Amino acid sequence: MKVFKDIITGDEMFTDTYKFESIDDAFYMVVGKNITLSEGNIELEGANPSAEEAEEGTESNVISGIDVVLYMRLQETGFGSKKDYLVYMKDYLKKLKAKLEGTSGADKLIAIQKPLNDVLKKFKDLQFFTGESMNPEGMVAIGDYKDIDGEERPVFYFPKYGLEEEKL
């Protein structure tokens with residue numbers, strides 16, 4: 001398994017267990033799904049709880065959300081306006097370019113402009129997520145919903161050159 005980490009903060013952003021693809025050699029688009037988890041209860045897909053457990057009616061906390069957000073412990077953040085986001089992104093790209101200095105990735109950062117503009121066209125519908133540390137210097141992933149195989153699914157855009165792959 002590979003985990004993709006923010007090269008600035010070291011936060012784990014996603015793993016290769018999720019369906020993902022490269023968009024214009026600038027972003028990884030990761031496809032998530034909405035899930036519900038019960039605290040203290042491990043549910044295996046396809047397994048049925050026993051009749052005894054159903055009768056007990058044990059109370060547990062239920063958490064609903066998007067698998068990528070819950071499992072990777074991403075933290076939602078926000079921007080007051082598109083302009084605020086672009087100010088953040090300009091600063092982030094400067095830090096990223098300095099970090100990538102001397103590598104082929106530094107020259108490829110310019111590729112981020114076109115796909116970023118396409119995604120930001122519906123700014124008001126987007127969500128933004130940082131890594132677990134909530135470090136303001138780090139990456140902010142963009143969350144959206146997209147039709148995948150006839151089903152509306154959550155998708156996340158992670159700047160490709162802001163990530164490093166670590167094999168576990």
# chains A, B, ... in the order shown; residues from 1 in each chain; ligands from 1

$ select_by_dssp --residues "chain A" --states "strand (DSSP E)" --output "ChimeraX atom specification"
/A:2-6,12-15,19-23,27-31,34-38,62-66,75-77,127-130,140-148,151-159,163-167

$ residues_around --residues "segment 75-89 of chain A" --least-positions-apart "6" --cutoff "8 Å" --atoms "only C-alpha atoms" --output "JSON, numbers by chain"
{"A": [69, 120, 123, 127, 128, 129, 130, 131, 132, 134]}

$ atom_distance --atom1 "atom CA of Asp11 of chain A" --atom2 "atom CA of Phe156 of chain A"
15.6 Å

$ atom_distance --atom1 "atom CA of Asp149 of chain A" --atom2 "atom CA of Lys114 of chain A"
24.6 Å

$ residues_around --residues "Lys167 of chain A" --least-positions-apart "3" --cutoff "9 Å" --atoms "only C-alpha atoms" --output "ChimeraX atom specification"
/A:1-4

$ closest_atom_pairs --of "segment 133-160 of chain A" --to "segment 102-112 of chain A" --cutoff "12 Å" --atoms "only C-alpha atoms" --output "tab-separated table"
residue	atom	partner	partner_atom	distance
A:Tyr157	CA	A:Ile112	CA	11.1
A:Phe158	CA	A:Ile112	CA	10.6
A:Pro159	CA	A:Ile112	CA	7.6
A:Lys160	CA	A:Ile112	CA	8.9

$ write_last_selection --atoms "N, CA and C atoms" --output "compact mmCIF listing (two decimals), in the first residue's frame"
# COMPACT_ATOMS: atom_id res chain seq x y z
N TYR A 157 -9.53 16.91 -4.80
CA TYR A 157 -8.41 17.27 -5.66
C TYR A 157 -7.23 17.64 -4.78
N PHE A 158 -6.12 16.88 -4.95
CA PHE A 158 -4.89 17.11 -4.20
C PHE A 158 -3.82 17.55 -5.19
N PRO A 159 -3.13 18.68 -4.94
CA PRO A 159 -2.04 19.08 -5.84
C PRO A 159 -0.97 17.97 -5.90
N LYS A 160 -0.77 17.43 -7.09
CA LYS A 160 0.09 16.25 -7.30
C LYS A 160 1.51 16.47 -6.80

$ select_by_dssp --residues "chain A" --states "alpha helix (DSSP H)" --output "count of residues only"
44

$ atom_distance --atom1 "atom CA of Glu151 of chain A" --atom2 "atom CA of Leu37 of chain A"
21.3 Å

$ residues_around --residues "Lys122 of chain A" --least-positions-apart "6" --cutoff "12 Å" --atoms "only C-alpha atoms" --output "JSON, numbers by chain"
{"A": [81, 82, 116, 142, 143, 144, 145, 146]}

$ write_last_selection --atoms "C-alpha atoms" --output "tab-separated table (two decimals), in the first residue's frame"
chain	number	residue	atom	x	y	z
A	81	SER	CA	-14.12	34.14	-0.92
A	82	LYS	CA	-12.49	32.82	-4.05
A	116	LEU	CA	-7.53	24.76	-10.84
A	142	ILE	CA	-10.58	20.68	-2.66
A	143	GLY	CA	-13.75	18.63	-2.15
A	144	ASP	CA	-16.53	18.47	-4.72
A	145	TYR	CA	-19.22	16.10	-5.98
A	146	LYS	CA	-19.06	14.56	-9.44

$ closest_residue --among "A:Phe20, A:Lys90, A:Lys5, A:Thr36" --to "Gln113 of chain A" --atoms "only C-alpha atoms"
A:Lys90

$ residues_around --residues "Gly32 of chain A" --least-positions-apart "3" --cutoff "12 Å" --atoms "only C-alpha atoms" --output "ChimeraX atom specification"
/A:14-20,29,35,65-72,143-148,151-157
